[in-house]
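K.L.:
Provided herewith: data02.txt, compact mmCIF, C-alpha atoms and all ligand atoms.
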```txt
# COMPACT_ATOMS: atom_id res chain seq x y z
CA MET L 1 -0.48 33.28 9.59
CA LYS L 2 -1.11 36.78 10.96
CA PRO L 3 0.80 39.65 9.28
CA PHE L 4 3.85 41.05 11.10
CA ASP L 5 6.62 43.62 10.56
CA PHE L 6 10.00 42.14 9.67
CA ILE L 7 13.24 43.71 10.96
CA ARG L 8 16.78 42.51 10.17
CA ALA L 9 19.44 43.17 12.81
CA ASP L 10 23.03 43.68 11.64
CA SER L 11 24.61 43.51 15.09
CA THR L 12 23.75 42.45 18.63
CA GLU L 13 23.43 46.17 19.53
CA ASP L 14 20.82 46.54 16.76
CA ALA L 15 18.97 43.49 18.05
CA VAL L 16 18.97 44.68 21.66
CA ALA L 17 17.75 48.15 20.59
CA ALA L 18 14.92 46.64 18.52
CA LEU L 19 13.91 44.36 21.40
CA ALA L 20 13.90 47.34 23.79
CA GLU L 21 11.70 49.28 21.35
CA HIS L 22 9.15 46.55 20.62
CA GLY L 23 9.10 44.65 23.94
CA ALA L 24 6.83 41.63 24.21
CA ASN L 25 5.45 42.37 20.73
CA ALA L 26 8.72 41.16 19.12
CA ARG L 27 9.97 37.59 18.52
CA ILE L 28 13.50 36.70 17.50
CA LEU L 29 14.05 34.64 14.34
CA ALA L 30 17.32 32.70 14.06
CA GLY L 31 16.97 29.63 11.80
CA GLY L 32 13.18 29.71 12.07
CA THR L 33 12.77 25.90 12.35
CA ASP L 34 10.82 26.25 15.60
CA LEU L 35 9.53 29.81 15.20
CA LEU L 36 7.84 29.31 11.82
CA ALA L 37 5.60 26.59 13.24
CA ASP L 38 4.72 28.93 16.14
CA LEU L 39 3.93 31.79 13.75
CA LYS L 40 1.59 29.59 11.75
CA HIS L 41 -0.28 28.06 14.65
CA SER L 42 -0.02 30.38 17.67
CA GLN L 43 -2.89 32.61 18.75
CA ASN L 44 -0.35 35.07 20.21
CA ALA L 45 1.47 35.86 16.99
CA PRO L 46 3.99 38.72 17.38
CA GLY L 47 3.62 42.09 15.66
CA VAL L 48 7.36 42.18 14.89
CA VAL L 49 9.77 39.43 13.83
CA LEU L 50 13.41 40.33 14.44
CA ASP L 51 15.78 38.37 12.19
CA ILE L 52 19.20 37.83 13.81
CA SER L 53 20.49 35.36 11.19
CA GLY L 54 22.68 38.08 9.61
CA VAL L 55 24.48 38.99 12.85
CA ASP L 56 28.01 37.74 12.11
CA GLU L 57 29.23 37.96 15.71
CA LEU L 58 26.65 35.31 16.69
CA THR L 59 28.01 32.78 14.20
CA THR L 60 31.63 32.50 15.35
CA ILE L 61 33.35 29.66 17.21
CA SER L 62 36.58 30.66 18.95
CA LEU L 63 38.94 29.56 21.66
CA ALA L 64 39.69 32.09 24.45
CA ASP L 65 41.28 32.05 27.91
CA ASP L 66 38.03 31.04 29.58
CA GLY L 67 37.07 28.30 27.11
CA LEU L 68 35.51 27.55 23.75
CA HIS L 69 32.96 30.21 22.73
CA ILE L 70 30.14 29.14 20.42
CA GLY L 71 27.85 31.90 19.14
CA ALA L 72 24.12 31.38 19.64
CA GLY L 73 23.61 31.66 15.88
CA VAL L 74 25.93 28.76 15.04
CA THR L 75 23.94 26.07 13.22
CA HIS L 76 23.96 22.37 14.04
CA SER L 77 25.70 21.74 10.70
CA ASP L 78 28.41 24.30 11.60
CA ILE L 79 28.95 22.42 14.87
CA MET L 80 29.36 19.13 12.99
CA ASP L 81 31.97 20.67 10.67
CA ASP L 82 34.02 22.66 13.15
CA PRO L 83 37.58 21.40 13.88
CA GLN L 84 37.77 23.23 17.24
CA ILE L 85 34.58 21.57 18.46
CA GLU L 86 35.89 18.24 17.18
CA GLU L 87 39.11 18.72 19.14
CA HIS L 88 37.70 20.11 22.38
CA ALA L 89 34.05 19.04 22.72
CA ALA L 90 33.46 16.26 20.19
CA ALA L 91 30.35 14.92 21.94
CA MET L 92 28.56 18.09 20.74
CA ILE L 93 28.96 16.74 17.21
CA LEU L 94 27.29 13.46 18.18
CA ALA L 95 24.34 15.42 19.57
CA ALA L 96 24.10 17.80 16.59
CA HIS L 97 24.10 14.83 14.23
CA THR L 98 20.87 13.49 15.80
CA ILE L 99 18.89 16.72 15.29
CA GLY L 100 16.22 16.47 12.59
CA ALA L 101 17.45 16.00 9.02
CA VAL L 102 20.14 17.86 7.12
CA GLN L 103 17.80 20.75 6.19
CA THR L 104 16.89 21.30 9.86
CA ARG L 105 20.54 21.13 10.90
CA ASN L 106 21.54 23.61 8.18
CA MET L 107 18.98 26.19 9.37
CA GLY L 108 18.52 25.42 13.07
CA THR L 109 20.87 27.10 15.53
CA LEU L 110 22.29 26.10 18.88
CA GLY L 111 20.75 29.21 20.46
CA GLY L 112 17.31 28.46 19.02
CA ASN L 113 17.46 24.91 20.35
CA LEU L 114 18.33 26.10 23.88
CA VAL L 115 15.78 28.94 23.91
CA THR L 116 12.92 26.75 22.66
CA CYS L 117 13.82 24.67 25.71
CA VAL L 118 11.77 21.54 25.12
CA PRO L 119 12.78 18.82 27.62
CA SER L 120 13.91 16.56 24.74
CA MET L 121 16.28 19.13 23.18
CA ASP L 122 19.30 17.28 21.87
CA SER L 123 21.90 20.02 22.44
CA GLY L 124 21.23 20.24 26.17
CA PRO L 125 22.67 17.08 27.77
CA VAL L 126 26.23 17.38 26.37
CA LEU L 127 26.39 21.08 27.32
CA VAL L 128 25.19 20.26 30.84
CA ALA L 129 27.70 17.39 31.15
CA LEU L 130 30.50 19.76 30.04
CA GLU L 131 29.27 22.40 32.54
CA ALA L 132 28.73 25.02 29.82
CA GLU L 133 27.96 28.62 30.68
CA VAL L 134 25.66 30.87 28.66
CA VAL L 135 25.79 34.63 28.10
CA VAL L 136 22.69 36.76 27.57
CA ILE L 137 22.52 40.47 26.82
CA GLY L 138 19.75 43.03 27.01
CA ALA L 139 19.24 46.75 27.55
CA GLY L 140 20.16 46.13 31.23
CA GLY L 141 23.59 44.67 30.34
CA ARG L 142 25.24 41.25 30.19
CA ARG L 143 24.59 38.19 32.37
CA GLN L 144 26.56 34.94 32.43
CA MET L 145 25.32 31.79 34.17
CA PRO L 146 25.69 27.99 34.22
CA ILE L 147 23.48 26.46 31.54
CA THR L 148 21.50 24.55 34.20
CA GLU L 149 20.28 27.93 35.51
CA PHE L 150 19.22 29.00 32.01
CA PHE L 151 16.66 26.19 31.76
CA VAL L 152 13.61 26.96 33.89
CA GLY L 153 10.94 24.53 32.66
CA PRO L 154 9.33 23.16 29.50
CA ARG L 155 9.62 25.94 26.89
CA LYS L 156 10.77 28.37 29.58
CA THR L 157 14.23 29.86 30.08
CA ILE L 158 15.61 32.51 32.38
CA LEU L 159 15.65 35.05 29.48
CA ALA L 160 13.83 38.22 30.48
CA GLU L 161 11.84 40.34 28.03
CA GLY L 162 14.24 42.11 25.68
CA GLU L 163 17.14 39.71 26.29
CA LEU L 164 19.08 37.82 23.66
CA LEU L 165 21.15 34.64 24.10
CA VAL L 166 24.52 35.43 22.53
CA ASP L 167 27.18 32.95 23.60
CA ILE L 168 27.66 29.41 24.89
CA ILE L 169 31.00 28.74 26.59
CA ILE L 170 32.56 25.34 27.22
CA PRO L 171 34.85 26.22 30.12
CA THR L 172 38.58 25.49 29.94
CA THR L 173 38.19 22.90 32.71
CA SER L 174 35.96 20.82 30.41
CA LEU L 175 37.90 21.16 27.17
CA GLY L 176 38.94 17.74 25.92
CA LYS L 177 37.08 15.97 28.72
CA PRO L 178 36.14 12.50 27.44
CA ALA L 179 32.37 12.51 26.84
CA HIS L 180 29.70 10.63 24.95
CA PHE L 181 26.06 11.22 23.90
CA LEU L 182 23.23 8.85 22.99
CA LYS L 183 19.67 9.53 21.88
CA PHE L 184 16.86 7.01 21.98
CA GLY L 185 13.81 7.71 19.77
CA LEU L 186 11.06 5.72 18.14
CA ARG L 187 13.22 5.56 14.99
CA LYS L 188 16.81 6.40 14.10
CA GLY L 189 16.23 9.72 12.32
CA GLN L 190 13.77 12.63 12.48
CA ALA L 191 12.44 11.61 15.90
CA LEU L 192 12.19 13.41 19.21
CA ALA L 193 14.19 11.81 22.00
CA LEU L 194 12.37 9.45 24.35
CA VAL L 195 15.51 9.78 26.43
CA ASN L 196 18.86 11.36 25.61
CA ALA L 197 21.94 10.99 27.78
CA ALA L 198 25.41 12.47 28.01
CA SER L 199 28.28 11.56 30.29
CA ALA L 200 31.72 13.10 30.73
CA THR L 201 34.54 12.07 33.02
CA TRP L 202 38.24 12.50 33.52
CA VAL L 203 40.12 9.29 34.18
CA GLU L 204 42.82 9.48 36.86
CA ASN L 205 44.82 6.40 37.88
CA GLY L 206 42.01 4.13 36.77
CA THR L 207 39.35 6.05 38.71
CA PHE L 208 36.51 8.40 37.78
CA LYS L 209 37.44 12.04 38.35
CA ASP L 210 34.69 14.71 38.24
CA PRO L 211 32.16 12.54 36.39
CA ARG L 212 29.14 14.39 34.99
CA ILE L 213 25.87 12.79 33.86
CA ALA L 214 23.03 14.67 32.14
CA LEU L 215 19.67 13.48 30.85
CA GLY L 216 17.03 14.97 28.58
CA ALA L 217 13.34 14.16 28.04
CA VAL L 218 12.99 12.68 31.53
CA ALA L 219 12.09 15.77 33.59
CA PRO L 220 10.71 19.29 32.93
CA THR L 221 14.21 20.39 31.81
CA VAL L 222 17.53 18.72 31.05
CA ILE L 223 18.90 17.51 34.40
CA ARG L 224 22.26 16.73 35.94
CA CYS L 225 22.31 13.51 38.01
CA LEU L 226 24.25 14.78 41.01
CA ARG L 227 23.79 11.69 43.20
CA ALA L 228 24.85 9.32 40.44
CA GLU L 229 27.91 11.50 39.81
CA ALA L 230 28.80 11.49 43.53
CA SER L 231 28.50 7.69 43.63
CA LEU L 232 31.20 7.43 40.95
CA ASN L 233 33.70 10.11 41.89
CA GLY L 234 37.01 8.52 42.94
CA LYS L 235 35.79 4.97 42.33
CA ALA L 236 37.73 2.46 40.24
CA ILE L 237 36.47 2.44 36.68
CA GLY L 238 34.48 -0.71 36.02
CA THR L 239 31.05 -2.06 35.19
CA ASP L 240 29.93 -2.41 38.83
CA ALA L 241 30.39 1.29 39.53
CA ILE L 242 28.78 2.22 36.21
CA ASN L 243 25.76 -0.07 36.74
CA GLU L 244 25.18 1.39 40.20
CA ALA L 245 25.42 4.97 38.89
CA ALA L 246 22.94 4.15 36.11
CA LYS L 247 20.40 2.87 38.65
CA ILE L 248 20.83 5.99 40.80
CA ALA L 249 20.41 8.23 37.75
CA ALA L 250 17.10 6.51 36.95
CA PHE L 251 15.88 7.44 40.46
CA GLU L 252 16.90 11.07 39.95
CA ALA L 253 14.82 11.40 36.77
CA LYS L 254 11.07 11.98 36.63
CA PRO L 255 10.03 10.43 33.32
CA ILE L 256 6.41 10.56 32.23
CA ASP L 257 4.03 8.13 30.53
CA ASP L 258 2.80 9.38 27.18
CA PHE L 259 1.64 8.07 23.83
CA ARG L 260 5.25 7.55 22.71
CA ALA L 261 6.55 5.47 25.63
CA SER L 262 5.72 4.35 29.15
CA LYS L 263 7.48 5.64 32.22
CA GLU L 264 8.90 2.15 32.85
CA TYR L 265 10.37 1.95 29.33
CA ARG L 266 11.97 5.36 29.76
CA ILE L 267 13.51 4.25 33.06
CA ASP L 268 15.07 1.28 31.26
CA LEU L 269 16.38 3.63 28.57
CA ILE L 270 17.90 5.94 31.18
CA GLU L 271 19.87 3.05 32.68
CA VAL L 272 21.03 1.89 29.26
CA GLY L 273 21.92 5.43 28.18
CA VAL L 274 23.89 6.20 31.33
CA ARG L 275 25.71 2.84 31.26
CA ARG L 276 26.69 3.19 27.61
CA THR L 277 27.70 6.85 27.68
CA LEU L 278 29.71 6.39 30.88
CA GLY L 279 31.40 3.28 29.47
CA VAL L 280 32.56 5.17 26.38
CA ALA L 281 33.57 8.32 28.30
CA ALA L 282 35.59 6.20 30.76
CA GLY L 283 37.24 4.34 27.88
CA ILE L 284 36.06 0.83 28.70
CA THR L 285 33.68 0.47 25.75
CA ARG L 286 33.83 1.71 22.18
CA ALA L 287 31.38 4.23 20.70
CA GLY L 288 29.01 2.33 18.43
CA GLY L 289 30.02 -0.98 19.98
CA GLU L 290 28.81 -0.05 23.45
C1 LIG L 301 11.49 18.78 11.09
C2 LIG L 301 12.12 19.21 12.40
C3 LIG L 301 12.87 18.29 13.12
C4 LIG L 301 13.44 18.68 14.34
N1 LIG L 301 14.18 17.73 15.02
C5 LIG L 301 14.76 18.08 16.19
C6 LIG L 301 15.54 17.11 16.91
O1 LIG L 301 15.70 15.95 16.51
N2 LIG L 301 16.10 17.51 18.10
C7 LIG L 301 15.94 18.77 18.58
O2 LIG L 301 16.49 19.06 19.65
N3 LIG L 301 15.22 19.71 17.91
C8 LIG L 301 14.63 19.39 16.74
N4 LIG L 301 13.89 20.33 16.05
C9 LIG L 301 13.70 21.64 16.64
C10 LIG L 301 14.58 22.79 16.05
O3 LIG L 301 15.06 22.48 14.77
C11 LIG L 301 15.75 23.14 16.95
O4 LIG L 301 15.30 23.46 18.23
C12 LIG L 301 16.56 24.32 16.36
O5 LIG L 301 17.83 24.29 16.93
C13 LIG L 301 15.91 25.66 16.62
O6 LIG L 301 16.80 26.66 16.16
P1 LIG L 301 16.35 27.84 15.19
O7 LIG L 301 17.55 28.65 14.92
O8 LIG L 301 15.62 27.30 14.01
O9 LIG L 301 15.34 28.60 16.15
P2 LIG L 301 14.16 29.60 15.76
O10 LIG L 301 13.01 28.82 15.24
O11 LIG L 301 14.65 30.72 14.92
O12 LIG L 301 13.83 30.14 17.22
C14 LIG L 301 13.37 29.29 18.22
C15 LIG L 301 12.97 30.11 19.46
O13 LIG L 301 14.11 30.65 20.07
C16 LIG L 301 14.07 32.08 20.03
N5 LIG L 301 15.46 32.45 19.74
C17 LIG L 301 16.24 31.98 18.74
N6 LIG L 301 17.49 32.42 18.87
C18 LIG L 301 17.52 33.21 19.97
C19 LIG L 301 18.53 33.96 20.64
N7 LIG L 301 19.81 33.98 20.19
N8 LIG L 301 18.20 34.65 21.75
C20 LIG L 301 16.93 34.63 22.22
N9 LIG L 301 15.93 33.94 21.65
C21 LIG L 301 16.21 33.22 20.53
C22 LIG L 301 13.04 32.43 18.98
O14 LIG L 301 12.41 33.67 19.23
C23 LIG L 301 12.07 31.27 19.12
O15 LIG L 301 11.22 31.49 20.22
C24 LIG L 301 13.28 19.98 14.83
C25 LIG L 301 12.53 20.91 14.09
C26 LIG L 301 11.95 20.53 12.90
C27 LIG L 301 11.16 21.54 12.13
```
Show the structure stored in the file as structure tokens.
Ligand SMILES: Cc1cc2nc3c(=O)[nH]c(=O)nc-3n(C[C@H](O)[C@H](O)[C@H](O)COP(=O)(O)OP(=O)(O)OC[C@H]3O[C@@H](n4cnc5c(N)ncnc54)[C@H](O)[C@@H]3O)c2cc1C
P.N.:
Amino acid sequence: MKPFDFIRADSTEDAVAALAEHGANARILAGGTDLLADLKHSQNAPGVVLDISGVDELTTISLADDGLHIGAGVTHSDIMDDPQIEEHAAAMILAAHTIGAVQTRNMGTLGGNLVTCVPSMDSGPVLVALEAEVVVIGAGGRRQMPITEFFVGPRKTILAEGELLVDIIIPTTSLGKPAHFLKFGLRKGQALALVNAASATWVENGTFKDPRIALGAVAPTVIRCLRAEASLNGKAIGTDAINEAAKIAAFEAKPIDDFRASKEYRIDLIEVGVRRTLGVAAGITRAGGE
């Protein structure tokens, strides 16, 4: 590992000032579960590591007029233990539970997971299905955008140099929306997703209202399956509509062949994942028994 200077920020203002001062030479450290591996192996090691793990304002979870705010520094374990998340966005807990092992979940943060931005990230699909917004700040001010705009490509987000991800917001319109998440890996624990899927839908008079379907590990970033969603909206809830949506979703994805699974196997998993998550979100199958 190359030597670097270590700076601890006490507030987001501190962090933004340090980023402005050190520019591309600085890397942010939150839980360090991704960054430490980069520091050990990367040729482009930073000269400065900026630790934001002590910034209290990044670790709060609170309900406001515009939705549920989750600080970027909230860990996966915090998510699993939080009563407000359980009440308003419980599918986030299902996703957090699948991330690494308990040590990784205790250290790893939601913000770090989103910024690392691997296509298989497990936090992404539920947040996309719940139409989350993210807030970033930098010397130039504050920007808020839908989470789908934050993801640009594999390991690439919209963050500009000197910007910090501070907040993830589940909008009021999605609070309490029935949702479900499933991850398929080569084994039950400590595995990257071959496919992960999240669905959310309101149920109105026995029909799908504003269904949302998101998939990870099947395209350069987490995707929303807009055509599959459109095929369901307003339709009577039932297995025919769900099976059709699952087939459409598989067409919208662009899974790859690699050493872990073939493209064809991933397409099968997409259909299974969409069918099962939609079934649970729509209330016609039970989680775990889907
Ligand atoms: C053994 C192991 C198992 C894992 N299993 C999984 C898994 O099953 N599923 C999964 O999705 N991930 C998994 N991960 C990946 C990792 O744990 C998560 O992505 C974690 O959430 C990263 O968060 P962190 O706080 O540790 O990020 P860090 O390592 O601190 O940072 C990650 C990156 O994000 C940047 N960054 C962090 N916070 C911010 C911020 N607020 N603003 C701007 N930039 C920021 C850092 O500079 C760095 O580039 C695993 C990792 C390990 C080591």
K.L.:
Using all atoms listed in the file, which residues sit within 7 Å of stretch 141-149 of chain L once same-chain residues fewer than 4 positions away are excluded, as a list in words?
P.N.:
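These residues fall inside the cut-off: Val128, Glu131, Ala132, Glu133, Val134, Val135, Val136 and Ile137 of chain L.
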K.L.:
Stretch 259-262 of chain L: which residues within 9 Å, counting all atoms listed in the file, same-chain residues fewer than 4 positions away excluded, as JSON, numbers by chain?
P.N.:
{"L": [186, 194, 255, 266, 267]}
K.L.:
So that I can see what lies close to L:Lys177, please list as JSON, numbers by chain the residues with an atom at most 10 Å from it, counting all atoms listed in the file and leaving out residues fewer than 4 positions away in the same chain.
P.N.:
{"L": [88, 89, 90, 91, 129, 130, 172, 173, 199, 200, 201, 202, 203, 210, 211, 281]}
K.L.:
Report the distance between atom CA of L:Leu36 and atom O2 of ligand LIG 301 (chain L) in Å, rounded to one decimal place.
P.N.:
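Taking atom CA of L:Leu36 and atom O2 of ligand LIG 301 (chain L), their separation equals 15.5 Å.
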K.L.:
Output the neighbourhood of ligand LIG 301 (chain L) as a ChimeraX atom specification, that is, all protein and nucleic acid residues with some atom at most 7 Å from the ligand, counting all atoms listed in the file.
P.N.:
/L:27-36,72-73,98-101,104-105,107-116,120-123,163-166,190-192
K.L.:
Can you list, as a ChimeraX atom specification, every protein, DNA or RNA residue that comes within 8 Å of L:Ala219 when you count only C-alpha atoms, leaving out same-chain residues fewer than 6 positions away?
P.N.:
/L:119,253-256
K.L.:
Taking all atoms listed in the file into account, name the residue in L:Ala249, L:Ala197, L:Leu127, L:Val274 that is nearest to L:Leu182.
P.N.:
L:Ala197
K.L.:
Rank nothing, just name the residue among L:Ile79, L:Leu68, L:Asp51, L:Tyr265 nearest to L:Val16, using all atoms listed in the file.
P.N.:
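Checking each candidate against L:Val16, we get L:Asp51 as the closest.
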K.L.:
L:Ala26, L:Ala45, L:Ala15, L:Ala160: which is nearest L:Lys2, counting only C-alpha atoms?
P.N.:
L:Ala45
K.L.:
Quote the spacing between atom CA of L:Gly216 and atom CA of L:Ser42 in Å to one decimal place.
P.N.:
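Rounded to one decimal, the two atoms are 25.4 Å apart.
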K.L.:
Write out as a PDB file with C-alpha atoms, keeping the file's coordinate frame each polymer residue whose atoms come within 12 Å of L:His22, counting all atoms listed in the file; drop sequence neighbours fewer than 6 positions from it.
P.N.:
```pdb
ATOM      1  CA  ASP L   5       6.620  43.620  10.560  1.00  0.00           C
ATOM      2  CA  PHE L   6      10.000  42.140   9.670  1.00  0.00           C
ATOM      3  CA  ILE L   7      13.240  43.710  10.960  1.00  0.00           C
ATOM      4  CA  ALA L  15      18.970  43.490  18.050  1.00  0.00           C
ATOM      5  CA  VAL L  16      18.970  44.680  21.660  1.00  0.00           C
ATOM      6  CA  ILE L  28      13.500  36.700  17.500  1.00  0.00           C
ATOM      7  CA  PRO L  46       3.990  38.720  17.380  1.00  0.00           C
ATOM      8  CA  GLY L  47       3.620  42.090  15.660  1.00  0.00           C
ATOM      9  CA  VAL L  48       7.360  42.180  14.890  1.00  0.00           C
ATOM     10  CA  VAL L  49       9.770  39.430  13.830  1.00  0.00           C
ATOM     11  CA  LEU L  50      13.410  40.330  14.440  1.00  0.00           C
ATOM     12  CA  GLU L 161      11.840  40.340  28.030  1.00  0.00           C
ATOM     13  CA  GLY L 162      14.240  42.110  25.680  1.00  0.00           C
ATOM     14  CA  GLU L 163      17.140  39.710  26.290  1.00  0.00           C
TER      15      GLU L 163
END
```
K.L.:
Would you mind completing stretch 203-224 of chain L so that it carries N, CA, C and O atoms, and writing it out as an mmCIF file, in the coordinates of the input?
P.N.:
```
data_model
loop_
_atom_site.group_PDB
_atom_site.id
_atom_site.type_symbol
_atom_site.label_atom_id
_atom_site.label_comp_id
_atom_site.auth_asym_id
_atom_site.auth_seq_id
_atom_site.Cartn_x
_atom_site.Cartn_y
_atom_site.Cartn_z
ATOM 1 N N VAL L 203 39.666 10.582 33.652
ATOM 2 C CA VAL L 203 40.120 9.290 34.180
ATOM 3 C C VAL L 203 41.466 9.541 34.838
ATOM 4 O O VAL L 203 42.384 10.062 34.203
ATOM 5 N N GLU L 204 41.557 9.226 36.144
ATOM 6 C CA GLU L 204 42.820 9.480 36.860
ATOM 7 C C GLU L 204 43.211 8.207 37.606
ATOM 8 O O GLU L 204 42.468 7.745 38.493
ATOM 9 N N ASN L 205 44.336 7.651 37.264
ATOM 10 C CA ASN L 205 44.820 6.400 37.880
ATOM 11 C C ASN L 205 43.745 5.332 37.925
ATOM 12 O O ASN L 205 43.528 4.696 38.962
ATOM 13 N N GLY L 206 43.035 5.188 36.850
ATOM 14 C CA GLY L 206 42.010 4.130 36.770
ATOM 15 C C GLY L 206 40.741 4.427 37.545
ATOM 16 O O GLY L 206 39.919 3.539 37.759
ATOM 17 N N THR L 207 40.586 5.691 37.984
ATOM 18 C CA THR L 207 39.350 6.050 38.710
ATOM 19 C C THR L 207 38.603 7.174 37.973
ATOM 20 O O THR L 207 39.190 7.905 37.176
ATOM 21 N N PHE L 208 37.312 7.294 38.309
ATOM 22 C CA PHE L 208 36.510 8.400 37.780
ATOM 23 C C PHE L 208 36.894 9.689 38.498
ATOM 24 O O PHE L 208 36.921 9.723 39.729
ATOM 25 N N LYS L 209 37.178 10.736 37.731
ATOM 26 C CA LYS L 209 37.440 12.040 38.350
ATOM 27 C C LYS L 209 36.438 13.052 37.772
ATOM 28 O O LYS L 209 36.338 13.214 36.565
ATOM 29 N N ASP L 210 35.692 13.709 38.646
ATOM 30 C CA ASP L 210 34.690 14.710 38.240
ATOM 31 C C ASP L 210 33.744 14.194 37.153
ATOM 32 O O ASP L 210 33.549 14.848 36.118
ATOM 33 N N PRO L 211 33.112 13.025 37.389
ATOM 34 C CA PRO L 211 32.160 12.540 36.390
ATOM 35 C C PRO L 211 30.928 13.438 36.344
ATOM 36 O O PRO L 211 30.525 13.993 37.369
ATOM 37 N N ARG L 212 30.355 13.597 35.157
ATOM 38 C CA ARG L 212 29.140 14.390 34.990
ATOM 39 C C ARG L 212 28.165 13.587 34.137
ATOM 40 O O ARG L 212 28.549 13.016 33.115
ATOM 41 N N ILE L 213 26.905 13.558 34.574
ATOM 42 C CA ILE L 213 25.870 12.790 33.860
ATOM 43 C C ILE L 213 24.683 13.716 33.657
ATOM 44 O O ILE L 213 24.205 14.339 34.618
ATOM 45 N N ALA L 214 24.198 13.815 32.414
ATOM 46 C CA ALA L 214 23.030 14.670 32.140
ATOM 47 C C ALA L 214 22.023 13.898 31.301
ATOM 48 O O ALA L 214 22.401 13.069 30.465
ATOM 49 N N LEU L 215 20.746 14.181 31.555
ATOM 50 C CA LEU L 215 19.670 13.480 30.850
ATOM 51 C C LEU L 215 18.661 14.479 30.316
ATOM 52 O O LEU L 215 18.344 15.468 30.984
ATOM 53 N N GLY L 216 18.112 14.167 29.129
ATOM 54 C CA GLY L 216 17.030 14.970 28.580
ATOM 55 C C GLY L 216 15.787 14.123 28.392
ATOM 56 O O GLY L 216 15.857 12.888 28.351
ATOM 57 N N ALA L 217 14.644 14.783 28.303
ATOM 58 C CA ALA L 217 13.340 14.160 28.040
ATOM 59 C C ALA L 217 12.821 13.325 29.209
ATOM 60 O O ALA L 217 11.900 12.528 29.035
ATOM 61 N N VAL L 218 13.415 13.501 30.384
ATOM 62 C CA VAL L 218 12.990 12.680 31.530
ATOM 63 C C VAL L 218 12.566 13.531 32.721
ATOM 64 O O VAL L 218 12.383 13.014 33.829
ATOM 65 N N ALA L 219 12.442 14.824 32.517
ATOM 66 C CA ALA L 219 12.090 15.770 33.590
ATOM 67 C C ALA L 219 11.673 17.066 32.877
ATOM 68 O O ALA L 219 11.838 17.178 31.659
ATOM 69 N N PRO L 220 11.149 18.057 33.603
ATOM 70 C CA PRO L 220 10.710 19.290 32.930
ATOM 71 C C PRO L 220 11.827 20.002 32.153
ATOM 72 O O PRO L 220 11.560 20.714 31.189
ATOM 73 N N THR L 221 13.080 19.835 32.575
ATOM 74 C CA THR L 221 14.210 20.390 31.810
ATOM 75 C C THR L 221 15.308 19.323 31.776
ATOM 76 O O THR L 221 15.209 18.312 32.465
ATOM 77 N N VAL L 222 16.349 19.604 31.013
ATOM 78 C CA VAL L 222 17.530 18.720 31.050
ATOM 79 C C VAL L 222 18.073 18.747 32.483
ATOM 80 O O VAL L 222 18.141 19.803 33.106
ATOM 81 N N ILE L 223 18.432 17.566 33.002
ATOM 82 C CA ILE L 223 18.900 17.510 34.400
ATOM 83 C C ILE L 223 20.325 16.957 34.492
ATOM 84 O O ILE L 223 20.758 16.209 33.622
ATOM 85 N N ARG L 224 20.988 17.348 35.577
ATOM 86 C CA ARG L 224 22.260 16.730 35.940
ATOM 87 C C ARG L 224 21.978 15.738 37.049
ATOM 88 O O ARG L 224 21.203 16.030 37.969
#
```
